[in-house]
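Dropping run34.txt in here (compact mmCIF, C-alpha atoms):
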```txt
# COMPACT_ATOMS: atom_id res chain seq x y z
CA MET I 223 -7.55 19.52 -33.16
CA GLN I 224 -6.76 22.39 -35.50
CA ARG I 225 -6.08 20.95 -38.95
CA THR I 226 -4.71 24.10 -40.52
CA ARG I 227 -2.16 26.42 -39.09
CA TYR I 228 -0.45 29.53 -40.43
CA THR I 229 2.38 31.06 -38.48
CA GLY I 230 2.83 34.48 -39.96
CA GLY I 231 5.11 36.21 -37.47
CA GLU I 232 8.06 33.82 -37.60
CA PRO I 233 10.63 33.38 -40.38
CA VAL I 234 9.51 29.76 -40.94
CA ARG I 235 5.87 29.89 -42.07
CA THR I 236 3.76 26.75 -42.34
CA GLU I 237 0.24 25.59 -43.09
CA GLN I 238 -1.24 22.13 -42.88
CA ARG I 239 -4.11 20.32 -44.54
CA THR I 240 -5.32 16.73 -44.34
CA TRP I 241 -7.16 14.35 -46.66
CA THR I 242 -9.50 11.54 -45.60
CA SER I 243 -11.97 9.50 -47.62
CA GLU I 244 -14.82 10.84 -45.50
CA ARG I 245 -14.08 14.56 -45.79
CA GLY I 246 -11.65 15.00 -48.67
CA TRP I 247 -9.21 17.89 -48.19
CA VAL I 248 -9.58 20.01 -45.06
CA PRO I 249 -9.39 22.89 -45.71
CA ALA I 250 -10.53 22.56 -49.32
CA SER I 251 -9.39 25.99 -50.52
CA ALA I 252 -5.87 27.26 -51.22
CA GLY I 253 -4.03 28.80 -48.28
CA ARG I 254 -1.85 31.86 -47.94
CA LEU I 255 1.28 29.87 -48.79
CA ALA I 256 -0.09 28.66 -52.12
CA ASP I 257 2.26 30.81 -54.19
CA CYS I 258 5.28 31.03 -51.88
CA ALA I 259 5.71 27.57 -50.31
CA GLN I 260 9.18 26.22 -51.11
CA LEU I 261 8.65 22.74 -49.71
CA VAL I 262 5.65 20.50 -49.06
CA LEU I 263 6.01 17.46 -46.81
CA ILE I 264 3.55 14.70 -47.72
CA PHE I 265 2.93 11.69 -45.49
CA GLY I 266 0.12 9.29 -46.34
CA ALA I 267 -1.14 5.73 -46.52
CA THR I 268 0.05 3.70 -49.50
CA VAL I 269 -3.47 3.27 -50.90
CA VAL I 270 -4.07 7.02 -50.73
CA LEU I 271 -0.84 7.86 -52.54
CA GLN I 272 -1.77 5.38 -55.28
CA ASP I 273 -4.74 7.59 -56.24
CA PRO I 274 -3.41 9.98 -58.92
CA ARG I 275 -6.27 12.46 -58.39
CA ILE I 276 -5.30 13.05 -54.77
CA VAL I 277 -1.63 13.39 -55.63
CA GLU I 278 -2.35 15.82 -58.48
CA SER I 279 -4.38 18.02 -56.15
CA ILE I 280 -1.28 18.63 -54.01
CA ARG I 281 0.46 20.29 -56.93
CA LYS I 282 -2.60 22.47 -57.57
CA TYR I 283 -2.42 23.78 -54.00
CA TYR I 284 1.34 24.45 -54.15
CA PRO I 285 2.46 24.90 -57.77
CA ALA I 286 6.06 26.02 -57.13
CA ALA I 287 7.08 23.89 -54.15
CA TYR I 288 9.37 20.90 -53.98
CA ILE I 289 7.50 17.83 -52.75
CA LEU I 290 9.15 15.49 -50.27
CA GLY I 291 6.96 12.65 -49.09
CA CYS I 292 6.37 8.94 -48.65
CA SER I 293 3.95 6.22 -47.64
CA THR I 294 3.64 5.47 -43.95
CA ALA I 295 2.51 3.17 -41.17
CA GLY I 296 0.53 6.08 -39.67
CA GLU I 297 0.42 9.84 -40.15
CA ILE I 298 1.16 12.55 -37.57
CA CYS I 299 -0.48 15.98 -37.65
CA GLY I 300 -0.22 18.07 -34.53
CA ALA I 301 -0.70 15.72 -31.58
CA GLN I 302 -2.97 13.40 -33.56
CA VAL I 303 -2.05 10.07 -35.17
CA SER I 304 -4.23 8.73 -37.99
CA ASP I 305 -4.29 5.91 -40.54
CA ASP I 306 -5.47 5.81 -44.15
CA SER I 307 -5.13 9.57 -44.46
CA LEU I 308 -2.75 12.12 -45.96
CA VAL I 309 -1.06 15.05 -44.22
CA ALA I 310 0.41 17.93 -46.23
CA THR I 311 2.61 20.53 -44.52
CA ALA I 312 3.61 23.49 -46.69
CA ILE I 313 6.71 25.44 -45.63
CA HIS I 314 8.13 28.83 -46.52
CA PHE I 315 11.58 29.72 -45.21
CA GLU I 316 12.38 33.43 -45.07
CA HIS I 317 16.18 33.04 -45.20
CA THR I 318 16.76 29.44 -46.36
CA GLN I 319 16.91 27.98 -49.85
CA VAL I 320 15.76 24.51 -50.91
CA ARG I 321 16.99 22.05 -53.54
CA ALA I 322 15.97 18.44 -54.21
CA ALA I 323 17.27 15.25 -55.80
CA HIS I 324 15.99 11.71 -56.18
CA VAL I 325 17.08 8.32 -57.45
CA THR I 326 15.22 5.18 -58.48
CA LEU I 327 16.77 1.90 -57.42
CA GLY I 328 17.89 -0.71 -59.94
CA GLU I 329 20.36 -3.53 -60.36
CA ASN I 330 23.26 -1.07 -60.35
CA SER I 331 21.84 1.31 -57.76
CA VAL I 332 21.46 -0.24 -54.33
CA GLY I 333 21.66 1.45 -50.93
CA GLN I 334 25.21 2.81 -50.85
CA GLN I 335 25.35 3.70 -54.55
CA ALA I 336 22.03 5.50 -54.25
CA GLY I 337 23.30 7.46 -51.26
CA GLU I 338 26.45 8.42 -53.12
CA PHE I 339 24.39 9.58 -56.10
CA LEU I 340 22.24 11.81 -53.90
CA GLY I 341 25.29 13.17 -52.08
CA ARG I 342 26.74 14.23 -55.43
CA ALA I 343 23.45 15.41 -56.94
CA LEU I 344 22.65 17.91 -54.20
CA PRO I 345 24.73 21.07 -54.77
CA HIS I 346 27.03 21.88 -51.88
CA SER I 347 26.24 25.58 -52.23
CA VAL I 348 23.85 27.79 -54.20
CA ASP I 349 23.80 31.45 -55.21
CA GLY I 350 23.26 33.43 -52.04
CA GLN I 351 20.44 35.63 -50.80
CA GLU I 352 20.65 38.89 -48.88
CA GLY I 353 23.90 39.99 -50.52
CA ARG I 354 25.84 36.80 -49.76
CA THR I 355 28.00 35.28 -52.46
CA GLU I 356 26.69 31.81 -51.68
CA ASP I 357 24.49 29.85 -49.32
CA LYS I 358 26.08 26.60 -48.16
CA LEU I 359 24.34 23.30 -47.63
CA VAL I 360 23.62 22.83 -43.91
CA HIS I 361 21.11 19.97 -43.69
CA VAL I 362 19.69 17.11 -45.74
CA LEU I 363 16.26 15.51 -45.28
CA VAL I 364 16.08 12.06 -46.86
CA LEU I 365 13.17 9.65 -47.36
CA SER I 366 13.80 6.16 -48.69
CA ASP I 367 11.98 3.10 -49.94
CA GLY I 368 11.32 1.04 -46.82
CA SER I 369 11.05 -2.49 -48.16
CA SER I 370 14.28 -3.13 -50.08
CA VAL I 371 16.90 -0.56 -49.02
CA ASN I 372 19.67 -1.21 -46.51
CA GLY I 373 19.37 2.05 -44.58
CA SER I 374 22.86 1.75 -43.09
CA ALA I 375 24.41 1.57 -46.56
CA LEU I 376 22.29 4.49 -47.75
CA VAL I 377 23.56 6.68 -44.91
CA CYS I 378 27.17 5.68 -45.58
CA GLY I 379 26.81 6.65 -49.22
CA LEU I 380 25.33 10.03 -48.39
CA ILE I 381 28.01 10.88 -45.84
CA LYS I 382 30.76 9.99 -48.32
CA HIS I 383 29.89 12.83 -50.69
CA LEU I 384 28.45 15.52 -48.41
CA PRO I 385 30.58 18.33 -46.95
CA GLU I 386 31.80 17.90 -43.40
CA GLY I 387 29.38 19.32 -40.87
CA VAL I 388 26.22 18.80 -42.94
CA THR I 389 23.64 17.00 -40.80
CA ILE I 390 21.26 14.33 -42.11
CA THR I 391 17.88 13.19 -40.80
CA GLY I 392 14.96 11.31 -42.30
CA GLY I 393 13.46 7.87 -42.47
CA LEU I 394 12.30 4.81 -44.39
CA ALA I 395 8.82 4.76 -45.89
CA GLY I 396 6.22 2.43 -44.41
CA ASP I 397 3.22 0.36 -45.45
CA GLY I 398 1.38 -0.20 -42.20
CA ALA I 399 2.19 -3.58 -40.66
CA ARG I 400 1.86 -5.24 -44.07
CA PHE I 401 5.50 -4.89 -45.22
CA GLY I 402 4.30 -4.67 -48.80
CA GLU I 403 4.76 -1.78 -51.21
CA THR I 404 6.30 1.47 -50.00
CA LEU I 405 6.28 4.71 -52.00
CA VAL I 406 8.51 7.80 -52.13
CA PHE I 407 7.85 10.94 -54.16
CA THR I 408 10.19 11.54 -57.09
CA GLY I 409 9.13 15.02 -58.11
CA ASP I 410 5.33 14.95 -58.33
CA THR I 411 4.96 11.15 -58.47
CA PRO I 412 5.14 8.58 -55.65
CA GLN I 413 7.09 5.51 -56.80
CA THR I 414 8.30 2.19 -55.48
CA GLY I 415 12.04 1.63 -55.11
CA ALA I 416 12.88 5.31 -54.82
CA ILE I 417 14.89 7.59 -52.52
CA ALA I 418 14.51 11.37 -52.36
CA ALA I 419 16.48 14.07 -50.57
CA VAL I 420 16.03 17.79 -49.94
CA GLY I 421 18.96 20.07 -49.19
CA LEU I 422 18.55 23.20 -47.04
CA TYR I 423 20.93 26.12 -47.57
CA GLY I 424 21.73 29.20 -45.49
CA LYS I 425 23.39 30.53 -42.35
CA ARG I 426 20.24 31.48 -40.46
CA LEU I 427 18.66 28.04 -40.23
CA THR I 428 18.92 26.25 -36.89
CA ILE I 429 18.42 22.48 -36.87
CA GLY I 430 17.78 20.43 -33.75
CA PHE I 431 17.46 16.67 -33.51
CA GLY I 432 17.02 13.90 -31.02
CA SER I 433 16.60 10.13 -31.31
CA LEU I 434 15.72 7.80 -28.42
CA GLY I 435 14.04 4.43 -28.09
CA GLY I 436 12.95 2.99 -24.77
CA TRP I 437 13.59 -0.70 -25.47
CA ASP I 438 15.10 -3.01 -22.84
CA PRO I 439 17.33 -5.99 -23.72
CA PHE I 440 16.51 -9.46 -22.39
CA GLY I 441 17.97 -12.92 -22.76
CA PRO I 442 21.63 -13.70 -23.41
CA GLU I 443 23.83 -11.62 -25.68
CA ARG I 444 24.77 -13.66 -28.73
CA LEU I 445 27.56 -13.43 -31.30
CA VAL I 446 26.69 -12.72 -34.93
CA THR I 447 28.63 -15.58 -36.56
CA ARG I 448 27.33 -15.21 -40.14
CA SER I 449 25.74 -12.24 -41.86
CA LYS I 450 25.93 -10.25 -45.06
CA GLY I 451 25.10 -6.56 -44.77
CA ASN I 452 21.58 -6.42 -43.33
CA VAL I 453 20.88 -10.17 -43.70
CA LEU I 454 21.48 -12.25 -40.56
CA PHE I 455 22.11 -16.00 -41.03
CA GLU I 456 23.60 -17.27 -37.77
CA LEU I 457 23.83 -16.40 -34.08
CA ASP I 458 26.32 -18.38 -32.00
CA GLY I 459 26.71 -20.71 -34.99
CA ARG I 460 22.99 -21.56 -35.02
CA PRO I 461 20.39 -20.62 -37.68
CA ALA I 462 19.21 -17.15 -36.72
CA LEU I 463 15.54 -17.53 -37.65
CA GLY I 464 15.08 -20.77 -35.74
CA LEU I 465 16.71 -19.33 -32.63
CA TYR I 466 14.64 -16.16 -32.89
CA LYS I 467 11.42 -18.18 -33.19
CA GLN I 468 12.26 -20.03 -29.98
CA TYR I 469 12.19 -16.73 -28.10
CA LEU I 470 9.03 -15.50 -29.79
CA GLY I 471 7.01 -18.64 -29.08
CA ALA I 472 3.41 -18.10 -30.19
CA HIS I 473 4.36 -14.74 -31.74
CA ALA I 474 6.53 -16.53 -34.32
CA THR I 475 3.55 -17.40 -36.53
CA GLY I 476 3.04 -13.71 -37.34
CA LEU I 477 6.54 -12.96 -38.62
CA PRO I 478 7.83 -10.60 -39.91
CA ALA I 479 5.19 -8.24 -38.44
CA THR I 480 5.35 -9.66 -34.89
CA GLY I 481 9.13 -9.20 -34.96
CA LEU I 482 8.41 -5.49 -34.52
CA LEU I 483 7.51 -6.25 -30.91
CA PHE I 484 10.92 -7.87 -30.25
CA PRO I 485 13.62 -6.01 -32.22
CA LEU I 486 17.31 -6.83 -32.04
CA SER I 487 19.83 -4.64 -30.20
CA VAL I 488 23.20 -4.73 -31.98
CA ARG I 489 26.61 -3.35 -30.98
CA ALA I 490 29.59 -3.79 -33.27
CA THR I 491 32.12 -3.37 -30.42
CA PRO I 492 31.74 -3.41 -26.62
CA SER I 493 32.16 0.38 -26.47
CA ASP I 494 29.56 1.18 -29.16
CA THR I 495 26.12 2.57 -28.38
CA PRO I 496 23.73 -0.26 -29.32
CA LEU I 497 21.60 0.20 -32.43
CA VAL I 498 18.14 -1.35 -32.55
CA ARG I 499 17.31 -3.28 -35.72
CA THR I 500 13.84 -4.08 -37.07
CA ILE I 501 13.03 -7.17 -39.16
CA LEU I 502 11.82 -6.46 -42.70
CA ALA I 503 11.59 -10.04 -44.00
CA VAL I 504 12.31 -13.66 -43.15
CA ASP I 505 13.53 -16.49 -45.38
CA GLU I 506 12.39 -19.91 -44.20
CA HIS I 507 14.62 -21.77 -46.67
CA GLU I 508 17.79 -19.90 -45.67
CA GLN I 509 16.65 -19.58 -42.04
CA SER I 510 17.70 -15.93 -42.26
CA MET I 511 16.26 -12.56 -41.31
CA THR I 512 16.59 -9.31 -43.25
CA PHE I 513 16.81 -6.12 -41.18
CA ALA I 514 16.44 -2.44 -42.06
CA GLY I 515 20.12 -1.84 -41.31
CA ASP I 516 23.42 -3.68 -41.01
CA VAL I 517 23.99 -6.55 -38.58
CA PRO I 518 27.76 -7.06 -39.01
CA GLU I 519 29.60 -10.31 -38.36
CA GLY I 520 31.36 -10.23 -35.01
CA ALA I 521 28.74 -7.94 -33.48
CA ARG I 522 26.85 -8.79 -30.31
CA ALA I 523 23.06 -9.01 -30.45
CA ARG I 524 20.24 -9.30 -27.90
CA LEU I 525 16.48 -9.28 -28.15
CA THR I 526 14.60 -6.31 -26.72
CA LYS I 527 11.09 -5.56 -25.52
CA SER I 528 9.30 -2.55 -24.10
CA ASN I 529 6.14 -1.12 -22.56
CA VAL I 530 4.07 2.00 -23.04
CA ASP I 531 5.71 4.09 -20.32
CA ARG I 532 9.25 3.37 -21.53
CA LEU I 533 8.36 4.29 -25.12
CA VAL I 534 6.65 7.53 -24.12
CA ASP I 535 9.66 8.44 -21.96
CA GLY I 536 11.90 7.85 -24.99
CA ALA I 537 9.81 10.22 -27.12
CA VAL I 538 9.94 12.90 -24.43
CA GLY I 539 13.71 12.47 -24.14
CA ALA I 540 14.11 12.93 -27.89
CA ALA I 541 12.11 16.17 -27.70
CA GLN I 542 14.21 17.43 -24.79
CA ALA I 543 17.35 16.84 -26.84
CA CYS I 544 15.87 19.10 -29.55
CA ARG I 545 14.90 21.84 -27.11
CA PRO I 546 17.23 22.31 -24.17
CA ALA I 547 15.73 23.93 -21.08
CA GLY I 548 15.23 27.68 -21.52
CA SER I 549 15.66 27.69 -25.31
CA VAL I 550 13.18 29.24 -27.73
CA ALA I 551 10.58 26.86 -29.14
CA PRO I 552 11.24 25.74 -32.73
CA GLU I 553 8.77 26.69 -35.43
CA LEU I 554 8.49 23.25 -37.05
CA ALA I 555 9.19 19.67 -35.97
CA ILE I 556 9.22 16.49 -38.07
CA LEU I 557 8.50 13.39 -35.99
CA ILE I 558 9.51 9.99 -37.39
CA SER I 559 8.62 7.11 -35.10
CA CYS I 560 8.87 3.39 -35.81
CA VAL I 561 5.87 1.20 -36.64
CA GLY I 562 7.00 -1.20 -33.90
CA ARG I 563 6.41 1.49 -31.30
CA LYS I 564 2.92 2.02 -32.69
CA LEU I 565 2.12 -1.67 -32.38
CA VAL I 566 3.17 -1.69 -28.73
CA LEU I 567 1.42 1.59 -27.85
CA LYS I 568 -1.83 0.60 -29.65
CA GLN I 569 -4.68 2.87 -28.56
CA ARG I 570 -2.23 4.94 -26.52
CA VAL I 571 -0.08 5.81 -29.52
CA GLU I 572 -0.90 9.52 -29.29
CA GLU I 573 0.67 9.67 -25.83
CA GLU I 574 4.19 9.76 -27.29
CA VAL I 575 3.23 12.57 -29.68
CA GLU I 576 1.54 14.47 -26.86
CA GLY I 577 4.71 14.05 -24.80
CA VAL I 578 6.68 15.71 -27.62
CA ARG I 579 4.10 18.51 -27.79
CA ASP I 580 4.43 19.15 -24.07
CA VAL I 581 8.18 19.68 -24.44
CA LEU I 582 8.28 21.65 -27.69
CA GLY I 583 5.25 23.82 -26.97
CA GLU I 584 1.94 24.62 -28.64
CA GLN I 585 3.52 27.08 -31.07
CA THR I 586 5.61 24.37 -32.76
CA VAL I 587 3.93 22.84 -35.80
CA LEU I 588 4.18 19.03 -35.70
CA THR I 589 4.11 16.69 -38.67
CA GLY I 590 5.57 13.26 -39.37
CA PHE I 591 4.89 9.56 -39.79
CA TYR I 592 5.42 6.03 -38.51
CA SER I 593 8.27 4.42 -40.43
CA TYR I 594 10.31 1.30 -41.13
CA GLY I 595 13.48 3.05 -39.97
CA GLU I 596 14.75 6.40 -38.72
CA ILE I 597 17.83 8.33 -39.83
CA ALA I 598 19.67 10.73 -37.48
CA PRO I 599 22.79 11.14 -35.35
CA PHE I 600 22.48 10.06 -31.71
CA SER I 601 23.41 13.62 -30.73
CA ALA I 602 25.11 16.76 -32.06
CA GLY I 603 28.56 16.08 -33.48
CA GLU I 604 28.05 12.33 -33.81
CA ARG I 605 27.88 10.30 -37.01
CA CYS I 606 24.47 9.85 -38.61
CA GLU I 607 23.05 6.33 -38.25
CA LEU I 608 20.09 4.24 -39.33
CA HIS I 609 17.94 3.53 -36.27
CA ASN I 610 14.93 1.34 -35.69
CA GLN I 611 12.26 1.54 -33.01
CA THR I 612 13.11 5.12 -32.04
CA MET I 613 11.26 8.42 -31.97
CA THR I 614 13.46 10.67 -34.08
CA ILE I 615 12.67 14.39 -34.12
CA THR I 616 14.08 17.14 -36.35
CA THR I 617 13.28 20.76 -35.48
CA PHE I 618 13.63 23.89 -37.60
CA SER I 619 13.83 27.59 -36.84
CA GLU I 620 15.39 30.69 -38.37
CA ASP I 621 16.94 33.69 -36.67
```

For the structure just supplied, provide its representation as structure tokens.
Amino acid sequence: MQRTRYTGGEPVRTEQRTWTSERGWVPASAGRLADCAQLVLIFGATVVLQDPRIVESIRKYYPAAYILGCSTAGEICGAQVSDDSLVATAIHFEHTQVRAAHVTLGENSVGQQAGEFLGRALPHSVDGQEGRTEDKLVHVLVLSDGSSVNGSALVCGLIKHLPEGVTITGGLAGDGARFGETLVFTGDTPQTGAIAAVGLYGKRLTIGFGSLGGWDPFGPERLVTRSKGNVLFELDGRPALGLYKQYLGAHATGLPATGLLFPLSVRATPSDTPLVRTILAVDEHEQSMTFAGDVPEGARARLTKSNVDRLVDGAVGAAQACRPAGSVAPELAILISCVGRKLVLKQRVEEEVEGVRDVLGEQTVLTGFYSYGEIAPFSAGERCELHNQTMTITTFSED
């Protein structure tokens, strides 16, 4: 596939380069966006991002750009999915301004507090371009630590301090199927326990998004009788981990990684759209499970499973939500898909990315990663949520 792309005729201009241990950077020389890129998206394996020489070389290519990036469970460039690599996508918006903020987690800065900090730190408007008095904030891209953050709480904190109508998309960093250390860029440096956000400002930016799964519930629906935030202790009054292991059978020995194959579908009320939740950790002593997002007491929960065709159909549906029939193709798309989908798809993982390509078109530049959680509204006008096991797509174009 073509590793580098420059789209010079459209308002949103992009170029891509990749790094692998075998070939280094491809291409190795600076591109035409070297001096004008406003934003560089970086998605790479944890071990690659831990090499300071590779990270420093990104800044040499794009000296003036904001960097937004994280570690992954697989990198997406075009219609190709790779591991142990790094994908850099430089972006220049003709009519849109960019600002960034980040926070490092600590004892007094957990999910919701961190979200509130970012919501306050991003300016709600900036001095305008093209004769305007100001450019207002229209969209926020957020990337979060994927091993210790309650994504639901993070989203709630962000929403609390952002202006009404501002959309949010993003995801939780990954570390393959290891569930070890995840990294997020804070400025030029990838760090553990960090969350970063980029705000986009201007009237001429069009954002599209879609988020669909393809997981089918099975077994009885059970009542969440004891939980705290994203930690589940009991289902139907029974220890949650023990009950979950009964369903998994032989798969139980590989927890938490094998839990990705059987996520939990949760609905707080009978009328709610179910949210899928992925296991991040298990506690044998407490017989509890920690998920990427909230599992509230009183909610109803069921196990889910899937197959290749259902997952690919979900990815295609997400792309169709971003590009209604007859609409102009977007210039850029960020794909964030869950590591659990990758484990089910295996060697056929590129089929879901190819399905997105077929809908969005060859002219749309694709980048993204496999994550521990996805952040987006279900559809336009709905509240942003933390999802698991979905393909979440954000598209960008300017008029």

### Query
Can you tell me, as a PyMOL selection string, what residues are no more than 7 Å from segment 296-311 of chain I when counting only C-alpha atoms, ignoring any on the same chain fewer than 2 positions away?
chain I and resi 236-242+262-267+270+294+313+398+572+575-576+579+587-592

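Using only C-alpha atoms, the smallest distance between any of I:Thr612, I:Gln509, I:Ser374, I:Thr318 and Gly337 of chain I comes from I:Ser374.
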
### Task
For atom CA of Val406 of chain I and atom CA of Cys258 of chain I, determine how far apart the two atoms are, in Å to one decimal place.
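Atom-to-atom, atom CA of Val406 of chain I to atom CA of Cys258 of chain I, that is 23.5 Å.
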
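Distances to Leu497 of chain I were evaluated for I:Glu338, I:Glu573, I:Glu316, I:Glu607 using only C-alpha atoms, and the minimum falls at I:Glu607.
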
### Option closest in space to Thr480 of chain I, from I:Pro496, I:Gly392, I:Gly387, I:Gly562 [counting all atoms listed in the file]
I:Gly562

### Message
What does the structure give for the distance between atom CA of Val561 of chain I and atom CA of Thr616 of chain I, in Å to one decimal?
### Response
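According to the coordinates, atom CA of Val561 of chain I and atom CA of Thr616 of chain I are separated by 17.9 Å.
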
### Message
Considering only C-alpha atoms, can you say which of I:Ala602, I:Val371, I:Met613, I:Leu344 comes closest to Val538 of chain I?
### Response
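Residue with the minimum atom-to-atom distance to Val538 of chain I: I:Met613.
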
### Query
So how far away is atom CA of Leu271 of chain I from atom CA of Gly577 of chain I, in Å?
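Between these atoms lies a distance of 29.0 Å.
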
### Task
Identify which of the residues I:Leu255, I:Val360, I:Ile558, I:Leu427 lies closest to Gly396 of chain I, counting only C-alpha atoms when measuring atom-to-atom distances.
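Selected residue with least distance to Gly396 of chain I: I:Ile558.
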
### Contacts of Val377 of chain I within 12 Å, all atoms listed in the file, excl. fewer than 5 positions in-chain, as a ChimeraX atom specification
/I:332-341,362-366,371-372,382-384,389-394,417,419,514-516,595-599,605-609

### Task
Point out the residue among I:Arg448, I:Gln413, I:Tyr423, I:Leu463 with the least atom-to-atom distance to Asp505 of chain I, counting only C-alpha atoms.
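Using only C-alpha atoms, the shortest distance to Asp505 of chain I belongs to I:Leu463.
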
### Query
Could you pull the residues within 7 Å of segment 465-478 of chain I, counting all atoms listed in the file, minus those fewer than 6 positions along the same chain, as a list in words?
Ile501, Leu502, Ala503 and Val504 of chain I

Kindly save the residues from that selection, with C-alpha atoms included, as an mmCIF file, keeping the file's coordinate frame.
```cif
data_model
loop_
_atom_site.group_PDB
_atom_site.id
_atom_site.type_symbol
_atom_site.label_atom_id
_atom_site.label_comp_id
_atom_site.auth_asym_id
_atom_site.auth_seq_id
_atom_site.Cartn_x
_atom_site.Cartn_y
_atom_site.Cartn_z
ATOM 1 C CA ILE I 501 13.030 -7.170 -39.160
ATOM 2 C CA LEU I 502 11.820 -6.460 -42.700
ATOM 3 C CA ALA I 503 11.590 -10.040 -44.000
ATOM 4 C CA VAL I 504 12.310 -13.660 -43.150
#
```

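All polymer residues at most 8 Å from (23.4, -19.1, -38.6), using all atoms listed in the file, appear as I:Thr447, I:Arg448, I:Ser449, I:Leu454, I:Phe455, I:Glu456, I:Leu457, I:Asp458, I:Gly459, I:Arg460, I:Pro461, I:Ala462, I:Gln509, I:Ser510.
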
### Task
Please identify all polymer residues lying at most 7 Å from the point (-1.8, 19.6, -50.6) (file coordinates), using all atoms listed in the file, and present the result as a ChimeraX atom specification.
/I:239,279-281,283-284,310

#### Entry: Spatial neighbours of Asp397 of chain I, max dist 8 Å, all atoms listed in the file, sep filter under 6 positions, as a list in words
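Contacts, with the query itself left out: Ala267, Thr268, Ser293, Thr294, Ala295, Glu403 and Thr404 of chain I.
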
Output segment 488-493 of chain I with all heavy atoms present, as a PDB file, in the frame of the given file.
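And here's result-v7.pdb as it stands now:
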```pdb
ATOM      1  N   VAL I 488      21.928  -4.311 -31.394  1.00  0.00           N
ATOM      2  CA  VAL I 488      23.200  -4.730 -31.980  1.00  0.00           C
ATOM      3  C   VAL I 488      24.291  -3.726 -31.628  1.00  0.00           C
ATOM      4  O   VAL I 488      24.103  -2.515 -31.762  1.00  0.00           O
ATOM      5  CB  VAL I 488      23.086  -4.844 -33.523  1.00  0.00           C
ATOM      6  CG1 VAL I 488      24.418  -5.257 -34.126  1.00  0.00           C
ATOM      7  CG2 VAL I 488      21.998  -5.839 -33.905  1.00  0.00           C
ATOM      8  N   ARG I 489      25.453  -4.224 -31.192  1.00  0.00           N
ATOM      9  CA  ARG I 489      26.610  -3.350 -30.980  1.00  0.00           C
ATOM     10  C   ARG I 489      27.832  -4.005 -31.629  1.00  0.00           C
ATOM     11  O   ARG I 489      28.153  -5.160 -31.363  1.00  0.00           O
ATOM     12  CB  ARG I 489      26.846  -3.060 -29.503  1.00  0.00           C
ATOM     13  CG  ARG I 489      27.064  -4.260 -28.623  1.00  0.00           C
ATOM     14  CD  ARG I 489      27.032  -3.897 -27.150  1.00  0.00           C
ATOM     15  NE  ARG I 489      27.289  -5.067 -26.305  1.00  0.00           N
ATOM     16  CZ  ARG I 489      28.406  -5.291 -25.649  1.00  0.00           C
ATOM     17  NH1 ARG I 489      29.399  -4.426 -25.725  1.00  0.00           N
ATOM     18  NH2 ARG I 489      28.557  -6.368 -24.893  1.00  0.00           N
ATOM     19  N   ALA I 490      28.470  -3.247 -32.514  1.00  0.00           N
ATOM     20  CA  ALA I 490      29.590  -3.790 -33.270  1.00  0.00           C
ATOM     21  C   ALA I 490      30.795  -4.056 -32.380  1.00  0.00           C
ATOM     22  O   ALA I 490      31.528  -5.027 -32.572  1.00  0.00           O
ATOM     23  CB  ALA I 490      29.966  -2.846 -34.400  1.00  0.00           C
ATOM     24  N   THR I 491      31.030  -3.181 -31.377  1.00  0.00           N
ATOM     25  CA  THR I 491      32.120  -3.370 -30.420  1.00  0.00           C
ATOM     26  C   THR I 491      31.567  -3.120 -29.017  1.00  0.00           C
ATOM     27  O   THR I 491      30.524  -2.467 -28.862  1.00  0.00           O
ATOM     28  CB  THR I 491      33.285  -2.392 -30.675  1.00  0.00           C
ATOM     29  OG1 THR I 491      32.865  -1.058 -30.342  1.00  0.00           O
ATOM     30  CG2 THR I 491      33.725  -2.441 -32.142  1.00  0.00           C
ATOM     31  N   PRO I 492      32.255  -3.591 -27.981  1.00  0.00           N
ATOM     32  CA  PRO I 492      31.740  -3.410 -26.620  1.00  0.00           C
ATOM     33  C   PRO I 492      31.530  -1.952 -26.233  1.00  0.00           C
ATOM     34  O   PRO I 492      30.682  -1.651 -25.380  1.00  0.00           O
ATOM     35  CB  PRO I 492      32.817  -4.065 -25.753  1.00  0.00           C
ATOM     36  CG  PRO I 492      33.445  -5.079 -26.642  1.00  0.00           C
ATOM     37  CD  PRO I 492      33.436  -4.479 -28.006  1.00  0.00           C
ATOM     38  N   SER I 493      32.273  -1.032 -26.844  1.00  0.00           N
ATOM     39  CA  SER I 493      32.160   0.380 -26.470  1.00  0.00           C
ATOM     40  C   SER I 493      31.102   1.132 -27.283  1.00  0.00           C
ATOM     41  O   SER I 493      30.805   2.283 -26.983  1.00  0.00           O
ATOM     42  CB  SER I 493      33.517   1.079 -26.648  1.00  0.00           C
ATOM     43  OG  SER I 493      33.940   1.017 -28.005  1.00  0.00           O
TER      44      SER I 493
END
```
